[in-house]
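Colleague: entry_23.txt (compact mmCIF, C-alpha atoms) pasted underneath:
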# COMPACT_ATOMS: atom_id res chain seq x y z
CA MET A 1 0.00 0.00 0.00
CA ILE A 2 1.48 3.37 -1.12
CA PRO A 3 1.18 6.04 1.54
CA ARG A 4 -1.34 8.76 0.77
CA HIS A 5 1.10 11.66 1.23
CA LEU A 6 3.48 10.10 -1.34
CA ILE A 7 0.67 9.94 -3.94
CA ALA A 8 -0.23 13.57 -3.21
CA ALA A 9 3.43 14.68 -3.53
CA THR A 10 3.86 12.76 -6.81
CA ALA A 11 0.65 14.27 -8.25
CA LEU A 12 1.81 17.75 -7.21
CA LEU A 13 5.25 17.25 -8.83
CA LEU A 14 3.60 15.92 -11.99
CA ALA A 15 1.30 18.94 -12.17
CA LEU A 16 4.28 21.25 -11.64
CA ALA A 17 6.24 19.51 -14.42
CA ILE A 18 3.30 19.86 -16.86
CA ALA A 19 2.84 23.55 -15.95
CA MET A 20 6.56 24.24 -16.45
CA GLY A 21 6.49 22.42 -19.78
CA ILE A 22 3.60 24.59 -20.99
CA TYR A 23 5.40 27.74 -19.80
CA VAL A 24 8.64 26.81 -21.61
CA ALA A 25 6.71 26.03 -24.81
CA LYS A 26 5.03 29.45 -24.60
CA LEU A 27 8.38 31.19 -24.08
CA ARG A 28 9.85 29.40 -27.11
CA ARG A 29 6.92 30.39 -29.31
CA ARG A 30 7.21 34.03 -28.23
CA GLU A 31 10.95 33.99 -29.01
CA ALA A 32 10.29 32.54 -32.46
CA ILE A 33 7.73 35.25 -33.27
CA THR A 34 9.78 38.22 -31.99
CA PRO A 35 12.73 38.90 -34.38
CA ILE A 36 16.07 39.31 -32.71
CA PRO A 37 17.42 42.72 -33.67
CA SER A 38 20.60 42.47 -35.72
CA ARG A 39 23.74 43.83 -34.11
CA ASP A 40 24.37 46.02 -37.16
CA GLU A 41 20.76 46.99 -37.74
CA GLN A 42 21.23 50.62 -36.97
CA HIS A 43 24.18 52.85 -37.46
CA VAL A 44 24.96 54.45 -34.11
CA THR A 45 27.04 57.57 -33.80
CA PRO A 46 28.34 58.37 -30.35
CA PRO A 47 27.37 61.84 -29.16
CA ALA A 48 30.12 64.34 -29.74
CA SER A 49 30.68 65.25 -26.12
CA GLY A 50 34.36 66.18 -26.47
CA ARG A 51 36.09 68.45 -28.93
CA THR A 52 34.64 68.63 -32.42
CA GLU A 53 35.80 69.94 -35.78
CA GLN A 54 34.14 71.05 -38.99
CA VAL A 55 35.01 68.94 -42.06
CA THR A 56 33.83 68.63 -45.64
CA VAL A 57 32.33 65.35 -46.78
CA TRP A 58 31.35 64.54 -50.38
CA VAL A 59 27.76 63.35 -50.39
CA ALA A 60 26.34 61.33 -53.31
CA ARG A 61 22.89 62.22 -54.67
CA ASP A 62 21.03 59.58 -56.67
CA ASP A 63 18.42 61.99 -58.05
CA SER A 64 21.01 64.03 -59.96
CA GLY A 65 23.83 61.46 -60.05
CA THR A 66 26.18 64.01 -58.51
CA LEU A 67 28.48 64.55 -55.53
CA ILE A 68 27.89 67.56 -53.30
CA PRO A 69 30.56 68.79 -50.85
CA GLN A 70 28.90 69.41 -47.51
CA SER A 71 30.20 70.71 -44.18
CA ILE A 72 29.53 68.64 -41.07
CA VAL A 73 30.81 68.53 -37.49
CA VAL A 74 32.56 65.35 -36.33
CA PRO A 75 34.33 64.43 -33.08
CA SER A 76 37.88 65.71 -33.25
CA SER A 77 40.62 63.15 -32.80
CA PRO A 78 44.38 63.72 -32.62
CA GLU A 79 44.91 60.22 -34.00
CA LYS A 80 44.84 60.18 -37.82
CA GLN A 81 43.27 56.74 -38.12
CA GLN A 82 40.43 57.49 -35.73
CA ARG A 83 39.85 60.81 -37.51
CA ALA A 84 39.55 58.95 -40.83
CA GLU A 85 36.94 56.64 -39.31
CA GLU A 86 34.99 59.62 -37.91
CA LEU A 87 35.01 61.24 -41.36
CA LEU A 88 33.53 58.18 -43.05
CA ARG A 89 31.02 57.58 -40.25
CA GLY A 90 29.93 61.22 -40.65
CA LEU A 91 29.43 60.57 -44.36
CA LEU A 92 27.58 57.32 -43.66
CA ASP A 93 25.15 59.19 -41.39
CA PHE A 94 23.82 60.90 -44.54
CA TYR A 95 23.34 57.59 -46.33
CA VAL A 96 21.52 55.78 -43.52
CA SER A 97 19.34 58.74 -42.54
CA LYS A 98 15.58 58.71 -43.15
CA ASN A 99 15.61 61.00 -46.21
CA SER A 100 18.89 59.67 -47.54
CA PRO A 101 20.05 61.16 -50.86
CA HIS A 102 21.84 57.86 -51.60
CA PRO A 103 20.32 55.07 -49.49
CA LEU A 104 22.47 52.15 -48.39
CA GLY A 105 21.13 48.79 -47.22
CA ALA A 106 20.11 48.11 -43.64
CA GLY A 107 23.10 47.45 -41.43
CA ALA A 108 25.66 49.12 -43.73
CA GLU A 109 28.67 49.99 -41.62
CA ILE A 110 32.37 50.78 -41.87
CA HIS A 111 34.39 48.40 -39.72
CA ASP A 112 37.70 50.24 -39.79
CA VAL A 113 39.93 52.59 -41.73
CA TYR A 114 43.66 51.82 -41.67
CA LEU A 115 46.23 54.43 -42.68
CA VAL A 116 49.46 52.91 -43.88
CA ASP A 117 52.46 55.05 -44.80
CA PRO A 118 53.23 56.24 -47.35
CA GLY A 119 49.83 57.56 -48.42
CA LEU A 120 47.73 54.37 -48.36
CA ALA A 121 44.28 54.12 -46.76
CA VAL A 122 42.46 50.81 -46.40
CA ILE A 123 38.70 51.03 -45.85
CA ASP A 124 37.09 47.90 -44.42
CA LEU A 125 33.32 47.73 -45.01
CA ASN A 126 30.96 45.20 -43.47
CA ALA A 127 29.24 42.59 -45.63
CA ALA A 128 25.83 44.29 -45.37
CA PHE A 129 27.31 47.44 -46.92
CA ALA A 130 28.22 45.58 -50.11
CA ASP A 131 25.56 42.84 -50.17
CA GLU A 132 22.66 45.28 -49.87
CA HIS A 133 24.14 48.01 -52.10
CA ALA A 134 22.14 49.12 -55.16
CA SER A 135 23.60 47.50 -58.28
CA GLY A 136 24.66 49.79 -61.14
CA VAL A 137 27.80 51.45 -62.49
CA LEU A 138 26.98 55.01 -61.42
CA ALA A 139 25.28 54.02 -58.13
CA GLU A 140 28.36 52.06 -57.03
CA GLU A 141 30.79 54.64 -58.40
CA LEU A 142 29.12 57.44 -56.41
CA THR A 143 29.57 55.48 -53.17
CA VAL A 144 33.23 54.67 -53.79
CA VAL A 145 34.15 58.15 -55.01
CA SER A 146 32.32 59.87 -52.14
CA MET A 147 34.23 57.81 -49.56
CA ILE A 148 37.64 58.24 -51.18
CA GLN A 149 37.17 61.94 -51.90
CA THR A 150 35.99 62.56 -48.32
CA LEU A 151 39.22 61.01 -47.02
CA ALA A 152 41.38 62.76 -49.64
CA ALA A 153 39.86 66.17 -48.90
CA ASN A 154 40.60 65.91 -45.18
CA ILE A 155 43.75 63.80 -44.92
CA PRO A 156 46.74 65.33 -46.72
CA GLY A 157 49.22 63.05 -48.46
CA LEU A 158 46.77 60.28 -49.38
CA THR A 159 47.72 58.73 -52.72
CA ARG A 160 46.09 55.27 -52.81
CA VAL A 161 42.98 53.66 -51.36
CA LYS A 162 42.03 50.01 -51.10
CA ILE A 163 38.54 48.85 -50.17
CA LEU A 164 37.94 45.53 -48.39
CA VAL A 165 34.71 43.86 -47.33
CA ASP A 166 34.79 42.09 -43.97
CA GLY A 167 38.59 42.25 -44.11
CA LYS A 168 38.75 40.40 -47.43
CA ASP A 169 39.28 41.24 -51.08
CA ARG A 170 36.10 41.42 -53.14
CA ASP A 171 35.81 41.67 -56.95
CA THR A 172 33.10 44.34 -57.12
CA LEU A 173 30.99 46.42 -54.76
CA ALA A 174 27.63 45.19 -56.13
CA GLY A 175 28.40 43.61 -59.49
CA HIS A 176 29.96 46.56 -61.31
CA VAL A 177 32.56 48.84 -59.74
CA ASP A 178 35.92 47.13 -59.27
CA LEU A 179 37.22 46.64 -55.73
CA SER A 180 40.03 44.24 -56.60
CA SER A 181 42.67 46.94 -57.19
CA PHE A 182 44.02 50.04 -55.49
CA TYR A 183 42.40 53.38 -56.32
CA ASP A 184 44.57 56.24 -57.47
CA VAL A 185 43.45 59.21 -55.35
CA SER A 186 44.36 61.86 -57.94
CA GLN A 187 42.18 60.16 -60.57
CA VAL A 188 39.31 59.79 -58.09
CA SER A 189 39.58 63.47 -57.10
CA GLN A 190 39.41 64.45 -60.76
CA LEU A 191 36.29 62.31 -61.19
CA ALA A 192 34.78 63.77 -58.00
CA ARG A 193 35.19 67.27 -59.39
CA GLN A 194 33.55 66.14 -62.64
CA LEU A 195 30.66 64.53 -60.74
CA SER A 196 30.16 67.62 -58.58
CA ALA A 197 30.12 69.97 -61.57
CA GLN A 198 27.33 68.16 -63.46
CA MET B 1 65.84 32.85 -64.41
CA PRO B 2 63.15 35.03 -66.08
CA TRP B 3 60.50 32.26 -66.13
CA ASN B 4 59.25 31.21 -62.76
CA LYS B 5 56.61 28.58 -62.09
CA SER B 6 53.75 31.02 -61.39
CA GLY B 7 54.53 32.97 -64.56
CA ILE B 8 54.30 29.85 -66.71
CA THR B 9 51.08 28.81 -64.96
CA ARG B 10 49.59 32.28 -65.61
CA LEU B 11 50.58 32.09 -69.28
CA ALA B 12 49.02 28.64 -69.58
CA VAL B 13 45.78 29.88 -67.98
CA LEU B 14 45.70 32.87 -70.34
CA LEU B 15 46.22 30.60 -73.35
CA LEU B 16 43.39 28.34 -72.18
CA LEU B 17 41.11 31.35 -71.66
CA SER B 18 41.99 32.62 -75.13
CA LEU B 19 40.91 29.42 -76.88
CA PRO B 20 37.20 30.37 -77.26
CA ALA B 21 38.25 33.75 -78.65
CA LEU B 22 40.55 32.10 -81.15
CA LEU B 23 37.61 29.96 -82.24
CA ILE B 24 35.45 33.08 -82.69
CA HIS B 25 38.26 34.75 -84.58
CA SER B 26 38.78 31.75 -86.85
CA GLN B 27 35.06 31.75 -87.67
CA THR B 28 34.98 35.45 -88.49
CA ALA B 29 38.39 36.06 -90.04
CA PRO B 30 38.41 36.08 -93.83
CA SER B 31 40.30 33.20 -95.41
CA SER B 32 43.83 34.22 -96.29
CA SER B 33 44.46 31.67 -99.04
CA PRO B 34 42.51 32.35 -102.26
CA ALA B 35 40.84 29.45 -104.00
CA PRO B 36 42.62 28.16 -107.13
CA ASN B 37 41.47 29.50 -110.55
CA GLN B 38 40.11 32.61 -108.85
CA THR B 39 40.36 35.92 -110.67
CA PRO B 40 42.70 38.41 -108.99
CA PRO B 41 40.73 40.45 -106.46
CA GLN B 42 39.63 43.88 -107.58
CA PRO B 43 40.56 46.80 -105.34
CA ALA B 44 37.49 47.11 -103.11
CA SER B 45 36.49 49.43 -100.31
CA PRO B 46 38.15 48.41 -97.03
CA SER B 47 36.09 46.09 -94.85
CA PRO B 48 34.39 47.89 -91.98
CA PRO B 49 36.19 47.74 -88.63
CA LEU B 50 34.78 45.21 -86.18
CA ILE B 51 32.84 46.35 -83.12
CA LEU B 52 32.60 43.63 -80.47
CA ILE B 53 29.46 44.12 -78.37
CA ASP B 54 29.39 42.52 -74.93
CA PRO B 55 26.01 42.24 -73.18
CA ALA B 56 27.19 42.44 -69.58
CA HIS B 57 26.50 39.67 -67.05
CA GLY B 58 24.78 36.42 -68.14
CA GLY B 59 24.16 32.92 -66.83
CA ALA B 60 24.65 32.73 -63.07
CA ASP B 61 25.45 36.45 -62.95
CA SER B 62 22.08 38.19 -63.38
CA GLY B 63 23.40 41.71 -62.79
CA ALA B 64 21.02 44.21 -61.24
CA ALA B 65 17.48 43.05 -60.50
CA LEU B 66 15.72 45.77 -62.53
CA ASN B 67 12.42 44.14 -61.71
CA ALA B 68 11.33 40.61 -60.83
CA ALA B 69 10.74 39.58 -64.45
CA PHE B 70 13.58 41.39 -66.15
CA PRO B 71 17.12 41.03 -64.79
CA GLU B 72 19.91 43.22 -66.17
CA LYS B 73 21.47 40.29 -68.11
CA ASP B 74 18.33 39.98 -70.28
CA VAL B 75 18.03 43.71 -70.97
CA THR B 76 21.69 43.94 -72.00
CA LEU B 77 21.31 40.98 -74.37
CA VAL B 78 18.23 42.44 -76.05
CA LEU B 79 19.92 45.84 -76.42
CA ALA B 80 23.10 44.24 -77.79
CA ARG B 81 21.22 42.23 -80.42
CA ARG B 82 19.28 45.29 -81.53
CA LEU B 83 22.40 47.47 -81.66
CA ARG B 84 24.19 44.85 -83.79
CA GLN B 85 21.27 45.00 -86.25
CA ASP B 86 21.29 48.80 -86.33
CA LEU B 87 25.06 48.92 -86.84
CA ALA B 88 24.73 46.43 -89.71
CA SER B 89 22.13 48.69 -91.33
CA HIS B 90 24.79 51.45 -91.23
CA GLY B 91 27.20 49.11 -93.05
CA MET B 92 29.24 48.45 -89.92
CA SER B 93 30.52 45.11 -88.73
CA ALA B 94 29.44 44.03 -85.25
CA GLN B 95 29.52 40.79 -83.30
CA LEU B 96 28.26 39.73 -79.90
CA LEU B 97 30.58 38.33 -77.28
CA ARG B 98 27.63 36.57 -75.64
CA ASN B 99 24.55 35.60 -77.62
CA GLY B 100 22.79 33.44 -75.03
CA ASP B 101 22.33 33.11 -71.30
CA ASN B 102 25.79 31.80 -70.52
CA THR B 103 28.19 32.69 -67.71
CA LEU B 104 31.36 34.43 -68.86
CA PRO B 105 33.84 35.48 -66.15
CA LEU B 106 35.44 38.90 -66.63
CA ASP B 107 38.93 37.45 -67.19
CA GLN B 108 37.57 35.18 -69.90
CA ARG B 109 35.77 38.08 -71.58
CA ALA B 110 38.99 40.12 -71.56
CA ALA B 111 41.03 37.23 -72.98
CA MET B 112 38.49 36.67 -75.76
CA VAL B 113 38.47 40.35 -76.72
CA ASN B 114 42.26 40.68 -76.65
CA ALA B 115 42.62 37.62 -78.86
CA SER B 116 40.05 38.72 -81.45
CA HIS B 117 41.44 42.30 -81.54
CA PRO B 118 38.36 44.28 -82.60
CA ALA B 119 38.50 47.98 -83.54
CA LEU B 120 36.27 48.67 -80.53
CA TYR B 121 34.96 46.74 -77.55
CA LEU B 122 31.62 47.93 -76.21
CA VAL B 123 30.07 46.53 -73.04
CA ILE B 124 26.40 47.29 -72.37
CA HIS B 125 24.96 47.62 -68.85
CA ALA B 126 21.44 48.59 -67.77
CA THR B 127 20.18 50.24 -64.60
CA SER B 128 17.03 51.59 -63.03
CA GLN B 129 18.82 54.66 -61.62
CA GLY B 130 19.46 57.91 -63.44
CA SER B 131 18.23 58.85 -66.86
CA GLY B 132 19.25 58.08 -70.45
CA ILE B 133 22.68 56.87 -71.55
CA ARG B 134 25.99 57.01 -69.71
CA LEU B 135 29.27 56.42 -71.50
CA TYR B 136 32.37 55.28 -69.63
CA SER B 137 36.02 54.79 -70.44
CA ALA B 138 38.41 53.00 -68.09
CA MET B 139 39.73 54.49 -64.88
CA LEU B 140 42.95 52.58 -64.36
CA PRO B 141 44.05 51.39 -60.91
CA SER B 142 47.07 52.75 -59.09
CA GLY B 143 50.51 51.26 -58.59
CA GLN B 144 50.61 48.75 -61.42
CA SER B 145 53.08 48.82 -64.28
CA SER B 146 54.07 46.59 -67.15
CA ARG B 147 57.44 44.81 -67.01
CA GLY B 148 59.42 44.21 -70.16
CA PRO B 149 57.35 42.69 -72.94
CA PHE B 150 54.60 41.60 -70.51
CA LEU B 151 51.65 43.92 -70.02
CA ASP B 152 50.25 44.31 -66.55
CA TRP B 153 46.79 42.72 -66.55
CA GLN B 154 45.15 45.46 -64.47
CA THR B 155 46.43 48.30 -66.66
CA ALA B 156 46.55 46.64 -70.09
CA GLN B 157 44.24 49.39 -71.40
CA THR B 158 46.97 52.06 -70.92
CA SER B 159 48.20 52.06 -74.53
CA ALA B 160 44.65 52.23 -75.98
CA LEU B 161 43.16 54.60 -73.40
CA ALA B 162 43.70 57.83 -75.38
CA HIS B 163 41.99 56.28 -78.39
CA SER B 164 39.13 54.94 -76.23
CA ARG B 165 38.57 58.46 -74.90
CA SER B 166 38.66 60.01 -78.39
CA ILE B 167 35.94 57.57 -79.48
CA GLN B 168 34.00 58.29 -76.28
CA ALA B 169 34.23 62.05 -76.94
CA GLN B 170 33.06 61.62 -80.54
CA ILE B 171 30.07 59.49 -79.51
CA THR B 172 29.23 61.98 -76.74
CA THR B 173 29.24 64.89 -79.18
CA THR B 174 26.97 63.08 -81.63
CA LEU B 175 24.55 61.87 -78.95
CA GLN B 176 24.32 65.31 -77.34
CA LYS B 177 23.08 66.71 -80.64
CA THR B 178 20.06 64.36 -80.48
CA GLY B 179 18.97 65.87 -77.16
CA PHE B 180 18.84 62.41 -75.55
CA PRO B 181 19.87 62.64 -71.85
CA MET B 182 23.47 61.45 -71.62
CA ARG B 183 26.66 61.74 -69.58
CA SER B 184 30.27 60.89 -70.25
CA LEU B 185 32.49 59.70 -67.40
CA VAL B 186 35.30 57.35 -66.42
CA ALA B 187 34.68 54.29 -64.25
CA PRO B 188 36.68 51.58 -62.47
CA LEU B 189 34.83 48.92 -64.42
CA ARG B 190 36.30 45.61 -65.50
CA PRO B 191 37.10 44.27 -68.04
CA LEU B 192 37.78 47.71 -69.59
CA ASN B 193 41.19 48.03 -67.87
CA ASN B 194 42.27 44.52 -68.97
CA LEU B 195 41.87 45.22 -72.69
CA ILE B 196 44.56 46.15 -75.20
CA VAL B 197 42.01 47.50 -77.70
CA PRO B 198 39.87 50.69 -77.53
CA ALA B 199 37.09 49.97 -75.06
CA ILE B 200 34.07 51.79 -73.71
CA ALA B 201 31.06 50.92 -71.58
CA ILE B 202 27.47 52.08 -71.91
CA GLU B 203 24.93 52.10 -69.11
CA VAL B 204 21.33 52.52 -70.25
CA ALA B 205 18.72 53.87 -67.83
CA PRO B 206 15.06 54.71 -68.39
CA THR B 207 14.21 58.37 -69.04
CA SER B 208 11.41 58.20 -66.47
CA ALA B 209 11.00 56.58 -63.06
CA ASP B 210 9.34 53.62 -64.78
CA VAL B 211 11.99 50.90 -65.08
CA SER B 212 9.79 48.83 -67.40
CA GLN B 213 10.67 51.38 -70.10
CA LEU B 214 13.93 49.42 -70.50
CA ALA B 215 11.89 46.46 -71.75
CA SER B 216 9.87 48.57 -74.17
CA SER B 217 10.60 47.96 -77.82
CA ASP B 218 10.15 51.66 -78.68
CA TYR B 219 12.66 52.76 -76.10
CA GLN B 220 15.19 50.14 -77.17
CA GLU B 221 14.75 51.26 -80.77
CA THR B 222 15.39 54.90 -79.85
CA VAL B 223 18.47 54.09 -77.75
CA CYS B 224 20.03 51.71 -80.27
CA GLY B 225 19.16 53.91 -83.25
CA ASP B 226 20.85 56.93 -81.67
CA LEU B 227 23.84 54.82 -80.61
CA ALA B 228 24.25 53.33 -84.08
CA ASN B 229 24.23 56.83 -85.62
CA ALA B 230 26.85 57.93 -83.10
CA PHE B 231 29.04 54.90 -83.85
CA ALA B 232 28.74 55.53 -87.57
CA ALA B 233 30.20 58.99 -86.92
CA THR B 234 33.25 57.40 -85.25
CA LEU B 235 34.09 55.29 -88.31
CA PRO B 236 37.19 57.33 -89.32
CA LEU B 237 38.50 57.04 -85.74
CA LEU B 238 37.83 53.29 -85.66
CA ARG B 239 39.76 52.85 -88.91
CA THR B 240 42.89 54.61 -87.62
CA GLY B 241 43.26 52.44 -84.49
CA PRO B 242 45.22 53.34 -81.32
Would you write out, as structure tokens, the structure that this file holds?

Modeller:
Amino acid sequence: MIPRHLIAATALLLALAIAMGIYVAKLRRREAITPIPSRDEQHVTPPASGRTEQVTVWVARDDSGTLIPQSIVVPSSPEKQQRAEELLRGLLDFYVSKNSPHPLGAGAEIHDVYLVDPGLAVIDLNAAFADEHASGVLAEELTVVSMIQTLAANIPGLTRVKILVDGKDRDTLAGHVDLSSFYDVSQVSQLARQLSAQ
Amino acid sequence: MPWNKSGITRLAVLLLLSLPALLIHSQTAPSSSPAPNQTPPQPASPSPPLILIDPAHGGADSGAALNAAFPEKDVTLVLARRLRQDLASHGMSAQLLRNGDNTLPLDQRAAMVNASHPALYLVIHATSQGSGIRLYSAMLPSGQSSRGPFLDWQTAQTSALAHSRSIQAQITTTLQKTGFPMRSLVAPLRPLNNLIVPAIAIEVAPTSADVSQLASSDYQETVCGDLANAFAATLPLLRTGP
């Protein structure tokens, strides 16, 4: 004969186990329905609490297919490399804003900018930047030229630029503009002037 | 030792890539040995210079998704076929580098063009952004140079670049007279920089926000008709070569 209190305890434990099972199933379903926000979903610019400086960035406009030099304020940094990153992040703020003149895909971000003497800059984009980029010769060219010209206009002595995606070589930005080689800054500056004059 | 292992491997790969182009060339080149009992050829007008038209993308590479039903690779092929027809009606010689939905890597395209040595290489792209026609010549990369008799692959266009830009300027002038919206620029666009012959690219966009205009027969006729007229005007330049 099984004691009565043992039956009661077993029934209680069983009921608890079933209740916990239902609760866990509910939690799982809720997790499956709610999308997990991507780490790179939104471009975040830290507030410029310290010293700032006024710089000129070259902003692409899809409606006219032109580049427009525009003054913005970015956090000032004594370190060249960090300054280069601030410049490009300032430019990117235009492209990821609500009324962007040249929209980039969700999650587009610049990982790093490396400055290597003499006169070489390496821009490392994230995969979303390239994968979600609009495909077309001029659309891709405007992006590349705006980034390189923004660096060239603010960092003296820059002669060459290489663009990587997730730290690796990539053939094209989005099927057209070549990323496999080094860009000659003087040629890009000449093109930027041509694109801004039209 | 001037020949190292990687150099020989590269040369072998280039030769292999050139084979299809040699086949094209052998099909198109006029026979050099006259048939027996043939009358001596009469002095005739020189044959028109060859324009090699390359509809960009193809096969696994669809290019831009202009809309769900019409990827860039299809628009470029339709435009290329129509332009070839229009050039022929102007008495010009034109061939397509791709005449079906097949994948052609950029290096292979460049090798085929360099082997067949046309008077002009023209690659056609299509886009939903912007308006009208955009003409591009190569923007060469930095820090590369040819060594001895071997041309650097990334800057092979150097010797033909001035001629490419003269042709581009001539086409621009003619197209501007038609009033059709157009721009003339340089672009870092392969395979233009890998070519030893004059080379330009064309990007065709609709004149309105409606991308389906690219698939319209009327629009294609206007674009290709104007382009064919502009190419006809470059004939003296094409004959002189770089």

Colleague: Could you please tell me, as a list in words, which residues of chain A have an atom within 8 Å of chain B when using all atoms listed in the file?

Modeller: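 Output check: Asp62, Asp63, Ser64, Gly65, Ala134, Ser135, Gly136, Val137, Ala139, Glu141, Arg160, Gly175, His176, Val177, Asp178, Ser181, Phe182, Tyr183, Asp184, Gln187 and Leu191 of chain A.
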
Colleague: Show me, as lines of an AutoDock Vina configuration file, the centre and edge lengths in Å to one decimal of the axis-aligned box that covers every listed atom of segment 52-71 of chain A with 8 Å on each side.

Modeller:
center_x = 27.1
center_y = 65.3
center_z = -46.2
size_x = 33.4
size_y = 27.5
size_z = 43.6

Colleague: How far is it from atom CA of Ala119 of chain B to atom CA of Ala199 of chain B, in Å with one decimal?

Modeller: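 Atom CA of Ala119 of chain B sits 8.8 Å away from atom CA of Ala199 of chain B.
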
Colleague: With distances taken over all atoms listed in the file, which residue among B:Pro181, B:Pro49, B:Pro71, B:Gly132 lies nearest Ala94 of chain B?

Modeller: B:Pro49

Colleague: Calculated over all atoms listed in the file, which of the candidates B:Thr103, B:Ser47, B:Asn193, B:Thr76 has the smallest distance to Thr155 of chain B?

Modeller: B:Asn193

Colleague: When you count all atoms listed in the file, which of these residues is closest to Leu142 of chain A: A:Ala127, A:Val73, A:Leu179, A:Ala192?

Modeller: A:Ala192

Colleague: Extract, using all atoms listed in the file, all DNA, RNA and protein residues at most 9 Å from Met92 of chain B, discarding same-chain residues fewer than 6 positions from it, and format them as a PyMOL selection string.

Modeller: chain B and resi 47-51+84+86+231-232+235

Colleague: Which distance in Å separates atom CA of Ala160 of chain B and atom CA of Leu122 of chain B, to one decimal?

Modeller: 13.7 Å

Colleague: For a test of reading the model, state the distance in Å between atom CA of Lys73 of chain B and atom CA of Pro55 of chain B, rounded to one decimal.

Modeller: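 Taking atom CA of Lys73 of chain B and atom CA of Pro55 of chain B, their separation equals 7.1 Å.
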
Colleague: For Thr150 of chain A, which residue among A:Ala17, A:Leu12, A:Val188, A:Ala197 is the nearest when counting only C-alpha atoms?

Modeller: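 Once distances to Thr150 of chain A are computed over only C-alpha atoms, the minimum belongs to A:Val188.
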
Colleague: Can you rebuild segment 43-58 of chain B with N, CA and C atoms and give it as a short mmCIF file (atom, residue, chain, number, x, y, z; two decimals), in the coordinates of the input?

Modeller:
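Okay, result_39.cif is ready:
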data_model
loop_
_atom_site.label_atom_id
_atom_site.label_comp_id
_atom_site.auth_asym_id
_atom_site.auth_seq_id
_atom_site.Cartn_x
_atom_site.Cartn_y
_atom_site.Cartn_z
N PRO B 43 40.44 45.91 -106.49
CA PRO B 43 40.56 46.80 -105.34
C PRO B 43 39.15 47.20 -104.87
N ALA B 44 38.83 46.83 -103.64
CA ALA B 44 37.49 47.11 -103.11
C ALA B 44 37.61 48.05 -101.91
N SER B 45 36.46 48.56 -101.48
CA SER B 45 36.49 49.43 -100.31
C SER B 45 36.91 48.60 -99.10
N PRO B 46 37.67 49.19 -98.16
CA PRO B 46 38.15 48.41 -97.03
C PRO B 46 36.99 47.89 -96.19
N SER B 47 37.17 46.67 -95.64
CA SER B 47 36.09 46.09 -94.85
C SER B 47 35.89 46.94 -93.59
N PRO B 48 34.64 47.03 -93.14
CA PRO B 48 34.39 47.89 -91.98
C PRO B 48 35.06 47.34 -90.72
N PRO B 49 35.54 48.21 -89.86
CA PRO B 49 36.19 47.74 -88.63
C PRO B 49 35.18 47.03 -87.72
N LEU B 50 35.67 46.04 -87.01
CA LEU B 50 34.78 45.21 -86.18
C LEU B 50 34.51 45.86 -84.81
N ILE B 51 33.23 45.93 -84.47
CA ILE B 51 32.84 46.35 -83.12
C ILE B 51 32.36 45.11 -82.38
N LEU B 52 32.99 44.81 -81.25
CA LEU B 52 32.60 43.63 -80.47
C LEU B 52 31.70 44.10 -79.33
N ILE B 53 30.45 43.67 -79.38
CA ILE B 53 29.46 44.12 -78.37
C ILE B 53 29.33 43.04 -77.29
N ASP B 54 29.47 43.46 -76.05
CA ASP B 54 29.39 42.52 -74.93
C ASP B 54 28.18 42.84 -74.06
N PRO B 55 27.13 42.03 -74.11
CA PRO B 55 26.01 42.24 -73.18
C PRO B 55 26.48 41.80 -71.79
N ALA B 56 26.60 42.74 -70.89
CA ALA B 56 27.19 42.44 -69.58
C ALA B 56 26.38 41.39 -68.82
N HIS B 57 27.08 40.71 -67.92
CA HIS B 57 26.50 39.67 -67.05
C HIS B 57 26.10 38.44 -67.90
N GLY B 58 25.18 37.64 -67.41
CA GLY B 58 24.78 36.42 -68.14
C GLY B 58 24.94 35.18 -67.30
#
